[in-house]
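Taking it in order: structure first as structure tokens, then the write-up.
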Amino acid sequence: METKAIEISSSKMYEGYNKRYKHFSSTLGCSMTFSIYFPPSFSPHKFPVLYWLSGLTCNDENFITKSGAQRAASAKSIALIVPDTSPRGLNVEGEADSWDFGVGAGFYLNAKQEKWKKWRMYDYVVKELPKILYENFPQLDTSRASIFGHSMGGHGALTIYLKNLDKYKSVSAFSPIANPINCPWGQKAFTNYLGDNKAEWEEYDATCLVSKSHDVSATILIDQGELDKFLHDQLLPGKFEEACRRANVPLLLRFHPGYDHSYYFIATFIDDHIHHHAQALSQ
């Protein structure tokens with residue numbers, strides 16, 4: 001049965017359009033929103049898709065309004081797909097008690113604990129959303145897809161890519177939570193969503209996953225600000241770098257003096273990421 005995506009806003013930008021949609025998610029059991037930047041169409045060719053996964057406290061609008069990614073996406077004829085970061089409106093007890101867990105903090109996993117069983121953002125991003133795009137937007141070529149994200153969304157992009165090398169051409173991240181089993185954000189989320197089985201935690205940890213990856217041929221791009229206050233206790237890119245080196249996975253990890261964790265940092269280097277994915281999506 002097809003799921004209808006209903007347009008709720010539209011704004012022209014760089015000759016393309018930012019559009020926002022709502023739909024009912026059968027995976028999550030609630031109404032969800034997502035945003036798309038459609039580049040200008042000058043030919044009958046379909047657009048490849050580039051998924052952006054946002055960080056803690058964000059929804060689908062932050063990236064669209066703050067990143068400036070549309071200019072390069074327009075020039076490269078790539079559609080940007082931006083989902084929300086968690087279910088909303090399920091009214092689970094405690095879902096809004098803290099900013100780093102629950103609403104706005106789905107961590108792009110499938111929860112195992114009964115209380116949070118509807119928190120299935122992994123299935124939503126990997127399975128349901130691409131199906132909705134395929135059914136509603138014939139101008140999109142969902143078979144040509146790449147993925148990137150920031151912070152919690154960088155964690156999501158890396159783990160989803162590493163678990164689905166057949167579905168995505170490339171991956172990149174800004175300031176990702178690269179080793180969540182060893183940081184407070186990840187330990188809090190994984191304990192509550194997944195329970196105490198550390199083996200299940202490792203299935204959503206990019207550093208653990210890349211250690212077991214032997215088929216990654218596309219270079220992974222990560223940008224990290226050196227003045228990011230979360231760098232040393234929450235993000236841990238060095239752990240991921242070490243795991244990539246041991247597994248012979250190609251990684252370009254760039255540290256940038258003076259930059260923090262904000263969208264000012266993302267906007268500064270976003271064009272590099274669009275070009276990174278454009279190259280992979282054109283092959």
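Every chain in the structure tokens takes a letter, A first, then B, and so on in the order presented; its residues are numbered from 1, and the ligands are numbered from 1 following the presented order.
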
Backbone-only DSSP, strand (DSSP E) members of stretch 70-245 of chain A, as an mmCIF file with N, CA and C atoms, in the first residue's frame:
data_model
loop_
_atom_site.group_PDB
_atom_site.id
_atom_site.type_symbol
_atom_site.label_atom_id
_atom_site.label_comp_id
_atom_site.auth_asym_id
_atom_site.auth_seq_id
_atom_site.Cartn_x
_atom_site.Cartn_y
_atom_site.Cartn_z
ATOM 1 N N ALA A 79 19.530 15.709 -5.371
ATOM 2 C CA ALA A 79 18.437 15.997 -4.446
ATOM 3 C C ALA A 79 18.888 15.703 -3.015
ATOM 4 N N LEU A 80 18.616 16.625 -2.114
ATOM 5 C CA LEU A 80 18.944 16.463 -0.697
ATOM 6 C C LEU A 80 17.696 15.984 0.052
ATOM 7 N N ILE A 81 17.838 14.905 0.797
ATOM 8 C CA ILE A 81 16.722 14.316 1.549
ATOM 9 C C ILE A 81 17.037 14.415 3.035
ATOM 10 N N VAL A 82 16.157 15.058 3.797
ATOM 11 C CA VAL A 82 16.445 15.307 5.214
ATOM 12 C C VAL A 82 15.286 14.821 6.089
ATOM 13 N N PRO A 83 15.438 13.663 6.730
ATOM 14 C CA PRO A 83 14.405 13.196 7.664
ATOM 15 C C PRO A 83 14.523 13.869 9.028
ATOM 16 N N LEU A 140 13.078 11.331 -8.752
ATOM 17 C CA LEU A 140 14.218 10.882 -7.946
ATOM 18 C C LEU A 140 14.628 9.465 -8.328
ATOM 19 N N ASP A 141 15.926 9.256 -8.409
ATOM 20 C CA ASP A 141 16.477 7.924 -8.645
ATOM 21 C C ASP A 141 17.003 7.395 -7.318
ATOM 22 N N THR A 142 16.134 6.705 -6.577
ATOM 23 C CA THR A 142 16.503 6.250 -5.237
ATOM 24 C C THR A 142 17.510 5.091 -5.267
ATOM 25 N N SER A 143 17.764 4.543 -6.451
ATOM 26 C CA SER A 143 18.779 3.491 -6.547
ATOM 27 C C SER A 143 20.192 4.067 -6.537
ATOM 28 N N ARG A 144 20.301 5.367 -6.758
ATOM 29 C CA ARG A 144 21.598 6.060 -6.663
ATOM 30 C C ARG A 144 21.541 6.946 -5.428
ATOM 31 N N ALA A 145 22.108 6.461 -4.346
ATOM 32 C CA ALA A 145 21.978 7.152 -3.066
ATOM 33 C C ALA A 145 23.310 7.200 -2.326
ATOM 34 N N SER A 146 23.520 8.295 -1.611
ATOM 35 C CA SER A 146 24.635 8.429 -0.680
ATOM 36 C C SER A 146 24.097 9.024 0.605
ATOM 37 N N ILE A 147 24.938 9.074 1.649
ATOM 38 C CA ILE A 147 24.436 9.480 2.959
ATOM 39 C C ILE A 147 25.511 10.225 3.737
ATOM 40 N N PHE A 148 25.104 11.285 4.468
ATOM 41 C CA PHE A 148 26.032 11.995 5.337
ATOM 42 C C PHE A 148 25.258 12.607 6.490
ATOM 43 N N GLY A 149 25.992 13.149 7.480
ATOM 44 C CA GLY A 149 25.308 13.701 8.636
ATOM 45 C C GLY A 149 26.264 14.363 9.604
ATOM 46 N N HIS A 150 25.697 14.889 10.692
ATOM 47 C CA HIS A 150 26.450 15.664 11.685
ATOM 48 C C HIS A 150 26.207 15.113 13.086
ATOM 49 N N VAL A 171 29.810 7.852 1.793
ATOM 50 C CA VAL A 171 29.416 8.380 3.096
ATOM 51 C C VAL A 171 30.382 9.480 3.497
ATOM 52 N N SER A 172 29.881 10.447 4.260
ATOM 53 C CA SER A 172 30.745 11.444 4.893
ATOM 54 C C SER A 172 30.072 11.927 6.167
ATOM 55 N N ALA A 173 30.842 12.644 6.996
ATOM 56 C CA ALA A 173 30.289 13.096 8.273
ATOM 57 C C ALA A 173 31.022 14.333 8.766
ATOM 58 N N PHE A 174 30.285 15.172 9.453
ATOM 59 C CA PHE A 174 30.837 16.275 10.232
ATOM 60 C C PHE A 174 30.761 15.891 11.707
ATOM 61 N N ILE A 220 35.957 7.291 2.941
ATOM 62 C CA ILE A 220 35.073 7.933 3.912
ATOM 63 C C ILE A 220 35.660 9.300 4.245
ATOM 64 N N LEU A 221 34.849 10.348 4.139
ATOM 65 C CA LEU A 221 35.284 11.719 4.441
ATOM 66 C C LEU A 221 34.696 12.154 5.779
ATOM 67 N N ILE A 222 35.565 12.609 6.692
ATOM 68 C CA ILE A 222 35.115 13.168 7.973
ATOM 69 C C ILE A 222 35.817 14.496 8.204
ATOM 70 N N ASP A 223 35.036 15.526 8.522
ATOM 71 C CA ASP A 223 35.576 16.820 8.927
ATOM 72 C C ASP A 223 35.285 17.043 10.405
ATOM 73 N N GLN A 224 36.289 17.541 11.130
ATOM 74 C CA GLN A 224 36.180 17.728 12.583
ATOM 75 C C GLN A 224 36.826 19.043 12.987
ATOM 76 N N GLY A 225 36.092 19.890 13.720
ATOM 77 C CA GLY A 225 36.638 21.131 14.240
ATOM 78 C C GLY A 225 37.492 20.886 15.466
#

Give me the residues within 12 Å of stretch 87-96 of chain A as a short mmCIF file (atom, residue, chain, number, x, y, z; two decimals) with N, CA, C and O atoms, in the first residue's frame, counting only C-alpha atoms and dropping any in the same chain fewer than 2 places off.
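Below is the file that was written, selection21.cif:
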data_model
loop_
_atom_site.label_atom_id
_atom_site.label_comp_id
_atom_site.auth_asym_id
_atom_site.auth_seq_id
_atom_site.Cartn_x
_atom_site.Cartn_y
_atom_site.Cartn_z
N PHE A 24 2.19 9.66 7.33
CA PHE A 24 2.10 8.76 8.48
C PHE A 24 3.11 7.65 8.30
O PHE A 24 3.17 7.00 7.24
N SER A 25 3.93 7.42 9.31
CA SER A 25 4.94 6.37 9.26
C SER A 25 4.40 5.10 9.90
O SER A 25 4.12 5.07 11.10
N SER A 26 4.30 4.05 9.11
CA SER A 26 3.88 2.76 9.66
C SER A 26 4.99 2.14 10.51
O SER A 26 4.72 1.36 11.43
N THR A 27 6.24 2.50 10.24
CA THR A 27 7.37 1.99 11.02
C THR A 27 7.36 2.56 12.43
O THR A 27 7.60 1.84 13.41
N LEU A 28 7.09 3.85 12.55
CA LEU A 28 7.19 4.55 13.83
C LEU A 28 5.85 4.73 14.53
O LEU A 28 5.81 5.01 15.73
N GLY A 29 4.75 4.59 13.78
CA GLY A 29 3.43 4.72 14.37
C GLY A 29 3.02 6.14 14.67
O GLY A 29 2.23 6.39 15.59
N CYS A 30 3.54 7.09 13.90
CA CYS A 30 3.19 8.49 14.12
C CYS A 30 3.35 9.27 12.82
O CYS A 30 3.92 8.78 11.84
N SER A 31 2.88 10.50 12.82
CA SER A 31 3.08 11.39 11.69
C SER A 31 4.50 11.91 11.70
O SER A 31 5.05 12.25 12.75
N MET A 32 5.14 11.93 10.52
CA MET A 32 6.53 12.40 10.40
C MET A 32 6.63 13.46 9.32
O MET A 32 5.82 13.51 8.40
N THR A 33 7.66 14.29 9.43
CA THR A 33 7.97 15.26 8.38
C THR A 33 9.35 14.96 7.82
O THR A 33 10.21 14.39 8.50
N PHE A 34 9.56 15.33 6.57
CA PHE A 34 10.89 15.31 5.98
C PHE A 34 10.98 16.44 4.98
O PHE A 34 9.96 16.95 4.49
N THR A 57 18.71 17.15 19.08
CA THR A 57 17.74 18.25 19.23
C THR A 57 17.22 18.78 17.90
O THR A 57 16.29 19.59 17.88
N ASN A 59 15.49 18.85 13.94
CA ASN A 59 14.47 18.18 13.15
C ASN A 59 14.90 18.26 11.68
O ASN A 59 16.08 18.47 11.39
N ASP A 60 13.97 18.11 10.77
CA ASP A 60 14.33 18.10 9.35
C ASP A 60 14.61 19.49 8.78
O ASP A 60 15.06 19.60 7.63
N PRO A 83 15.44 13.66 6.73
CA PRO A 83 14.41 13.20 7.66
C PRO A 83 14.52 13.87 9.03
O PRO A 83 15.50 14.57 9.32
N ASP A 84 13.54 13.63 9.87
CA ASP A 84 13.58 14.07 11.26
C ASP A 84 14.53 13.15 12.04
O ASP A 84 15.03 12.15 11.52
N THR A 85 14.75 13.47 13.31
CA THR A 85 15.73 12.74 14.11
C THR A 85 15.11 11.73 15.09
O THR A 85 15.84 11.02 15.78
N SER A 98 15.07 14.92 28.59
CA SER A 98 16.43 15.39 28.39
C SER A 98 16.69 15.62 26.91
O SER A 98 16.06 15.00 26.05
N TRP A 99 17.64 16.50 26.61
CA TRP A 99 17.88 16.89 25.22
C TRP A 99 18.69 15.86 24.45
O TRP A 99 18.69 15.86 23.21
N ASP A 100 19.35 14.94 25.15
CA ASP A 100 20.22 13.98 24.48
C ASP A 100 19.66 12.56 24.47
O ASP A 100 20.37 11.59 24.23
N PHE A 101 18.34 12.44 24.72
CA PHE A 101 17.69 11.14 24.66
C PHE A 101 16.20 11.33 24.45
O PHE A 101 15.60 12.25 25.00
N GLY A 102 15.59 10.46 23.64
CA GLY A 102 14.15 10.55 23.41
C GLY A 102 13.83 11.38 22.19
O GLY A 102 14.43 11.20 21.12
N VAL A 103 12.90 12.32 22.32
CA VAL A 103 12.51 13.17 21.20
C VAL A 103 13.71 13.99 20.73
O VAL A 103 14.42 14.61 21.52
N GLY A 104 13.95 13.98 19.43
CA GLY A 104 15.10 14.68 18.85
C GLY A 104 16.41 13.94 19.02
O GLY A 104 17.47 14.48 18.71
N ALA A 105 16.35 12.70 19.50
CA ALA A 105 17.57 11.94 19.79
C ALA A 105 17.36 10.45 19.55
O ALA A 105 17.58 9.62 20.43
N GLY A 106 16.94 10.11 18.34
CA GLY A 106 16.62 8.72 18.02
C GLY A 106 17.81 7.83 17.76
O GLY A 106 17.68 6.60 17.73
N PHE A 107 18.97 8.42 17.55
CA PHE A 107 20.24 7.70 17.36
C PHE A 107 20.25 6.72 16.18
O PHE A 107 21.15 5.92 16.06
N TYR A 108 19.25 6.80 15.31
CA TYR A 108 19.24 6.03 14.06
C TYR A 108 19.45 4.54 14.30
O TYR A 108 20.19 3.88 13.58
N LEU A 109 18.78 4.02 15.32
CA LEU A 109 18.82 2.60 15.65
C LEU A 109 17.40 2.06 15.76
O LEU A 109 16.42 2.81 15.71
N ASN A 110 17.28 0.75 15.88
CA ASN A 110 16.01 0.10 16.19
C ASN A 110 16.04 -0.32 17.65
O ASN A 110 16.80 -1.21 18.03
N ALA A 111 15.24 0.35 18.47
CA ALA A 111 15.24 0.07 19.90
C ALA A 111 14.77 -1.35 20.18
O ALA A 111 13.88 -1.88 19.50
N GLU A 114 11.16 -2.67 25.40
CA GLU A 114 9.72 -2.61 25.14
C GLU A 114 9.18 -1.18 25.20
O GLU A 114 8.37 -0.77 24.35
N LYS A 115 9.63 -0.41 26.16
CA LYS A 115 9.12 0.96 26.32
C LYS A 115 9.38 1.81 25.09
O LYS A 115 8.58 2.68 24.74
N TRP A 116 10.50 1.57 24.41
CA TRP A 116 10.91 2.40 23.28
C TRP A 116 10.78 1.66 21.95
O TRP A 116 11.44 2.00 20.97
N LYS A 117 9.92 0.66 21.88
CA LYS A 117 9.87 -0.24 20.73
C LYS A 117 9.52 0.49 19.43
O LYS A 117 9.82 -0.02 18.34
N LYS A 118 8.86 1.66 19.51
CA LYS A 118 8.53 2.41 18.29
C LYS A 118 9.70 3.28 17.82
O LYS A 118 9.63 3.89 16.75
N TRP A 119 10.74 3.36 18.61
CA TRP A 119 11.92 4.14 18.20
C TRP A 119 12.74 3.28 17.23
O TRP A 119 13.67 2.59 17.60
N ARG A 120 12.36 3.32 15.96
CA ARG A 120 12.98 2.48 14.93
C ARG A 120 13.46 3.37 13.77
O ARG A 120 13.08 3.19 12.61
N MET A 121 14.31 4.33 14.11
CA MET A 121 14.77 5.28 13.10
C MET A 121 15.68 4.62 12.06
O MET A 121 15.78 5.09 10.93
N TYR A 122 16.35 3.54 12.44
CA TYR A 122 17.17 2.82 11.45
C TYR A 122 16.28 2.29 10.32
O TYR A 122 16.53 2.55 9.13
N TYR A 124 13.30 3.26 9.57
CA TYR A 124 12.65 4.39 8.90
C TYR A 124 13.55 4.97 7.81
O TYR A 124 13.12 5.18 6.67
N VAL A 125 14.82 5.21 8.14
CA VAL A 125 15.74 5.83 7.19
C VAL A 125 16.14 4.87 6.08
O VAL A 125 16.19 5.25 4.91
N ALA A 189 22.09 6.47 25.57
CA ALA A 189 21.10 6.08 24.55
C ALA A 189 21.03 4.57 24.40
O ALA A 189 19.93 3.99 24.37
N ASN A 192 19.33 2.68 27.35
CA ASN A 192 17.87 2.85 27.39
C ASN A 192 17.16 2.25 26.18
O ASN A 192 16.09 1.63 26.33
N TYR A 193 17.73 2.39 25.01
CA TYR A 193 17.10 1.87 23.80
C TYR A 193 17.34 0.37 23.60
O TYR A 193 16.47 -0.35 23.14
#

So that I can check the secondary structure, give me every residue of stretch 86-198 of chain A assigned alpha helix (DSSP H) by backbone DSSP, as a short mmCIF file (atom, residue, chain, number, x, y, z; two decimals) with all heavy atoms, in the first residue's frame.
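And here is the file that came out, states_13.cif:
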data_model
loop_
_atom_site.label_atom_id
_atom_site.label_comp_id
_atom_site.auth_asym_id
_atom_site.auth_seq_id
_atom_site.Cartn_x
_atom_site.Cartn_y
_atom_site.Cartn_z
N MET A 121 14.31 4.33 14.11
CA MET A 121 14.77 5.28 13.10
C MET A 121 15.68 4.62 12.06
O MET A 121 15.78 5.09 10.93
CB MET A 121 15.47 6.47 13.75
CG MET A 121 14.53 7.43 14.46
SD MET A 121 13.26 8.15 13.38
CE MET A 121 14.26 9.17 12.29
N TYR A 122 16.35 3.54 12.44
CA TYR A 122 17.17 2.82 11.45
C TYR A 122 16.28 2.29 10.32
O TYR A 122 16.53 2.55 9.13
CB TYR A 122 17.92 1.67 12.12
CG TYR A 122 18.71 0.83 11.14
CD1 TYR A 122 20.02 1.15 10.81
CD2 TYR A 122 18.14 -0.29 10.53
CE1 TYR A 122 20.74 0.38 9.89
CE2 TYR A 122 18.84 -1.06 9.62
CZ TYR A 122 20.14 -0.72 9.30
OH TYR A 122 20.83 -1.47 8.39
N ASP A 123 15.21 1.58 10.68
CA ASP A 123 14.30 1.05 9.66
C ASP A 123 13.61 2.17 8.89
O ASP A 123 13.36 2.04 7.69
CB ASP A 123 13.25 0.15 10.30
CG ASP A 123 13.75 -1.27 10.52
OD1 ASP A 123 14.88 -1.59 10.10
OD2 ASP A 123 13.01 -2.07 11.13
N LEU A 129 11.58 5.33 4.35
CA LEU A 129 11.72 6.60 3.64
C LEU A 129 12.08 6.42 2.16
O LEU A 129 11.46 7.06 1.30
CB LEU A 129 12.73 7.51 4.36
CG LEU A 129 12.89 8.92 3.79
CD1 LEU A 129 11.55 9.66 3.72
CD2 LEU A 129 13.89 9.72 4.62
N PRO A 130 13.06 5.57 1.81
CA PRO A 130 13.34 5.37 0.38
C PRO A 130 12.12 4.86 -0.39
O PRO A 130 11.91 5.24 -1.55
CB PRO A 130 14.46 4.32 0.39
CG PRO A 130 15.15 4.52 1.70
CD PRO A 130 14.05 4.87 2.66
N LYS A 131 11.30 4.02 0.23
CA LYS A 131 10.08 3.52 -0.41
C LYS A 131 9.09 4.65 -0.66
O LYS A 131 8.47 4.75 -1.73
CB LYS A 131 9.45 2.44 0.47
CG LYS A 131 8.21 1.78 -0.12
CD LYS A 131 7.77 0.61 0.76
CE LYS A 131 6.55 -0.11 0.17
NZ LYS A 131 5.32 0.68 0.34
N ILE A 132 8.96 5.55 0.33
CA ILE A 132 8.06 6.70 0.17
C ILE A 132 8.55 7.61 -0.95
O ILE A 132 7.76 8.11 -1.77
CB ILE A 132 7.95 7.47 1.50
CG1 ILE A 132 7.17 6.63 2.52
CG2 ILE A 132 7.27 8.82 1.30
CD1 ILE A 132 7.24 7.16 3.93
N LEU A 133 9.85 7.83 -1.01
CA LEU A 133 10.41 8.66 -2.09
C LEU A 133 10.14 8.02 -3.45
O LEU A 133 9.75 8.70 -4.40
CB LEU A 133 11.92 8.82 -1.89
CG LEU A 133 12.38 9.52 -0.61
CD1 LEU A 133 13.90 9.56 -0.56
CD2 LEU A 133 11.81 10.93 -0.51
N TYR A 134 10.34 6.73 -3.54
CA TYR A 134 10.11 6.01 -4.80
C TYR A 134 8.66 6.12 -5.24
O TYR A 134 8.36 6.32 -6.43
CB TYR A 134 10.52 4.55 -4.63
CG TYR A 134 10.27 3.70 -5.84
CD1 TYR A 134 11.15 3.72 -6.93
CD2 TYR A 134 9.14 2.88 -5.91
CE1 TYR A 134 10.91 2.93 -8.05
CE2 TYR A 134 8.90 2.09 -7.03
CZ TYR A 134 9.78 2.12 -8.09
OH TYR A 134 9.55 1.35 -9.21
N GLU A 135 7.74 6.02 -4.29
CA GLU A 135 6.31 6.03 -4.62
C GLU A 135 5.77 7.42 -4.94
O GLU A 135 4.81 7.55 -5.71
CB GLU A 135 5.52 5.45 -3.44
CG GLU A 135 5.75 3.97 -3.21
CD GLU A 135 5.12 3.46 -1.93
OE1 GLU A 135 4.66 4.29 -1.10
OE2 GLU A 135 5.09 2.23 -1.74
N ASN A 136 6.39 8.46 -4.38
CA ASN A 136 5.83 9.81 -4.50
C ASN A 136 6.57 10.74 -5.45
O ASN A 136 5.98 11.72 -5.92
CB ASN A 136 5.77 10.46 -3.12
CG ASN A 136 4.68 9.91 -2.23
OD1 ASN A 136 3.57 10.44 -2.19
ND2 ASN A 136 4.99 8.84 -1.50
N MET A 152 25.29 13.19 16.07
CA MET A 152 24.48 11.97 16.11
C MET A 152 24.14 11.50 14.70
O MET A 152 24.11 10.29 14.43
CB MET A 152 23.20 12.21 16.92
CG MET A 152 22.25 11.01 16.95
SD MET A 152 20.67 11.36 17.78
CE MET A 152 19.86 12.43 16.56
N GLY A 153 23.91 12.45 13.81
CA GLY A 153 23.62 12.09 12.42
C GLY A 153 24.84 11.58 11.68
O GLY A 153 24.71 10.78 10.75
N GLY A 154 26.02 12.03 12.08
CA GLY A 154 27.25 11.48 11.51
C GLY A 154 27.41 10.03 11.93
O GLY A 154 27.79 9.16 11.13
N HIS A 155 27.10 9.76 13.20
CA HIS A 155 27.04 8.38 13.70
C HIS A 155 26.05 7.56 12.87
O HIS A 155 26.35 6.45 12.41
CB HIS A 155 26.65 8.37 15.18
CG HIS A 155 25.74 7.26 15.59
ND1 HIS A 155 26.15 5.97 15.79
CD2 HIS A 155 24.39 7.27 15.82
CE1 HIS A 155 25.11 5.21 16.15
NE2 HIS A 155 24.04 5.98 16.16
N GLY A 156 24.87 8.12 12.65
CA GLY A 156 23.85 7.42 11.87
C GLY A 156 24.30 7.14 10.45
O GLY A 156 24.13 6.02 9.94
N ALA A 157 24.90 8.14 9.81
CA ALA A 157 25.35 7.97 8.43
C ALA A 157 26.42 6.90 8.31
O ALA A 157 26.37 6.03 7.43
CB ALA A 157 25.86 9.30 7.89
N LEU A 158 27.40 6.94 9.21
CA LEU A 158 28.50 5.96 9.16
C LEU A 158 27.99 4.54 9.41
O LEU A 158 28.35 3.60 8.68
CB LEU A 158 29.57 6.33 10.19
CG LEU A 158 30.40 7.58 9.91
CD1 LEU A 158 31.24 7.94 11.12
CD2 LEU A 158 31.27 7.41 8.67
N THR A 159 27.16 4.37 10.41
CA THR A 159 26.69 3.01 10.74
C THR A 159 25.75 2.48 9.67
O THR A 159 25.85 1.31 9.27
CB THR A 159 26.00 2.98 12.12
OG1 THR A 159 24.96 3.96 12.17
CG2 THR A 159 27.00 3.26 13.23
N ILE A 160 24.85 3.31 9.18
CA ILE A 160 23.93 2.87 8.14
C ILE A 160 24.70 2.50 6.87
O ILE A 160 24.42 1.48 6.23
CB ILE A 160 22.87 3.95 7.87
CG1 ILE A 160 21.84 3.96 9.01
CG2 ILE A 160 22.17 3.73 6.52
CD1 ILE A 160 20.87 5.12 8.97
N TYR A 161 25.68 3.31 6.51
CA TYR A 161 26.50 3.01 5.33
C TYR A 161 27.24 1.68 5.50
O TYR A 161 27.22 0.83 4.60
CB TYR A 161 27.49 4.15 5.10
CG TYR A 161 28.50 3.87 4.01
CD1 TYR A 161 28.15 3.96 2.66
CD2 TYR A 161 29.82 3.52 4.32
CE1 TYR A 161 29.09 3.71 1.65
CE2 TYR A 161 30.75 3.26 3.33
CZ TYR A 161 30.38 3.36 2.00
OH TYR A 161 31.30 3.11 1.02
N LEU A 162 27.90 1.51 6.63
CA LEU A 162 28.71 0.32 6.84
C LEU A 162 27.87 -0.96 6.91
O LEU A 162 28.35 -2.05 6.60
CB LEU A 162 29.54 0.47 8.12
CG LEU A 162 30.66 1.51 8.04
CD1 LEU A 162 31.23 1.80 9.43
CD2 LEU A 162 31.76 1.07 7.08
N LYS A 163 26.60 -0.83 7.29
CA LYS A 163 25.71 -1.99 7.34
C LYS A 163 24.97 -2.22 6.03
O LYS A 163 24.30 -3.25 5.86
CB LYS A 163 24.69 -1.81 8.48
CG LYS A 163 25.29 -1.92 9.88
CD LYS A 163 24.44 -1.23 10.93
CE LYS A 163 23.21 -1.99 11.32
NZ LYS A 163 23.49 -3.05 12.32
N PRO A 184 29.59 9.15 26.82
CA PRO A 184 28.38 9.28 27.64
C PRO A 184 27.08 9.35 26.84
O PRO A 184 26.08 8.75 27.24
CB PRO A 184 28.63 10.59 28.42
CG PRO A 184 30.12 10.70 28.50
CD PRO A 184 30.63 10.14 27.21
N TRP A 185 27.07 10.10 25.72
CA TRP A 185 25.85 10.17 24.90
C TRP A 185 25.43 8.78 24.44
O TRP A 185 24.27 8.39 24.56
CB TRP A 185 26.07 11.04 23.66
CG TRP A 185 26.02 12.50 23.91
CD1 TRP A 185 25.42 13.15 24.94
CD2 TRP A 185 26.58 13.52 23.06
NE1 TRP A 185 25.58 14.52 24.80
CE2 TRP A 185 26.28 14.76 23.66
CE3 TRP A 185 27.30 13.50 21.86
CZ2 TRP A 185 26.68 15.97 23.08
CZ3 TRP A 185 27.69 14.70 21.29
CH2 TRP A 185 27.39 15.93 21.90
N GLY A 186 26.38 8.03 23.89
CA GLY A 186 26.08 6.71 23.37
C GLY A 186 25.68 5.74 24.45
O GLY A 186 24.72 4.96 24.30
N GLN A 187 26.39 5.76 25.57
CA GLN A 187 26.09 4.83 26.66
C GLN A 187 24.69 5.08 27.22
O GLN A 187 23.96 4.13 27.52
CB GLN A 187 27.16 4.95 27.74
CG GLN A 187 28.51 4.41 27.29
CD GLN A 187 29.66 4.87 28.17
OE1 GLN A 187 29.51 5.69 29.06
NE2 GLN A 187 30.85 4.32 27.91
N LYS A 188 24.30 6.34 27.35
CA LYS A 188 22.96 6.66 27.83
C LYS A 188 21.90 6.17 26.85
O LYS A 188 20.92 5.50 27.24
CB LYS A 188 22.82 8.17 28.04
CG LYS A 188 21.43 8.63 28.48
CD LYS A 188 21.40 10.14 28.67
CE LYS A 188 20.03 10.62 29.11
NZ LYS A 188 20.01 12.10 29.36
N ALA A 189 22.09 6.47 25.57
CA ALA A 189 21.10 6.08 24.55
C ALA A 189 21.03 4.57 24.40
O ALA A 189 19.93 3.99 24.37
CB ALA A 189 21.46 6.73 23.21
N PHE A 190 22.18 3.92 24.32
CA PHE A 190 22.18 2.49 24.07
C PHE A 190 21.63 1.70 25.26
O PHE A 190 20.93 0.70 25.08
CB PHE A 190 23.60 2.01 23.73
CG PHE A 190 24.09 2.45 22.37
CD1 PHE A 190 23.32 3.25 21.55
CD2 PHE A 190 25.34 2.06 21.91
CE1 PHE A 190 23.77 3.66 20.29
CE2 PHE A 190 25.81 2.45 20.67
CZ PHE A 190 25.02 3.25 19.86
N THR A 191 21.94 2.14 26.47
CA THR A 191 21.40 1.47 27.66
C THR A 191 19.88 1.51 27.66
O THR A 191 19.21 0.50 27.90
CB THR A 191 21.93 2.12 28.95
OG1 THR A 191 23.35 1.99 28.99
CG2 THR A 191 21.33 1.46 30.19
N ASN A 192 19.33 2.68 27.35
CA ASN A 192 17.87 2.85 27.39
C ASN A 192 17.16 2.25 26.18
O ASN A 192 16.09 1.63 26.33
CB ASN A 192 17.52 4.34 27.50
CG ASN A 192 17.76 4.88 28.90
OD1 ASN A 192 16.94 4.68 29.80
ND2 ASN A 192 18.88 5.55 29.10
N TYR A 193 17.73 2.39 25.01
CA TYR A 193 17.10 1.87 23.80
C TYR A 193 17.34 0.37 23.60
O TYR A 193 16.47 -0.35 23.14
CB TYR A 193 17.61 2.60 22.55
CG TYR A 193 17.14 4.01 22.38
CD1 TYR A 193 18.03 5.01 21.98
CD2 TYR A 193 15.80 4.37 22.57
CE1 TYR A 193 17.62 6.32 21.79
CE2 TYR A 193 15.38 5.68 22.40
CZ TYR A 193 16.29 6.66 22.00
OH TYR A 193 15.88 7.94 21.81
N LEU A 194 18.56 -0.09 23.89
CA LEU A 194 18.97 -1.45 23.54
C LEU A 194 19.08 -2.40 24.71
O LEU A 194 19.08 -3.62 24.53
CB LEU A 194 20.32 -1.40 22.80
CG LEU A 194 20.35 -0.59 21.50
CD1 LEU A 194 21.78 -0.50 20.97
CD2 LEU A 194 19.42 -1.18 20.46
N LYS A 198 25.98 -5.68 25.38
CA LYS A 198 26.97 -4.86 24.69
C LYS A 198 27.19 -5.32 23.24
O LYS A 198 27.61 -4.52 22.40
CB LYS A 198 28.30 -4.88 25.46
CG LYS A 198 28.21 -4.33 26.88
CD LYS A 198 27.85 -2.86 26.90
CE LYS A 198 27.63 -2.32 28.31
NZ LYS A 198 28.83 -2.32 29.16
#

Spatial neighbours of A:Pro39, 12 Å, only C-alpha atoms, chain gap at least 4 places, as a VMD selection string: chain A and resid 11 to 19 43 45 to 50 69 to 81 139 to 140

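Each of A:Leu56, A:Leu281, A:Ala243, A:Ile6 was compared to A:Lys212 using only C-alpha atoms, and A:Ala243 turns out to be the nearest.
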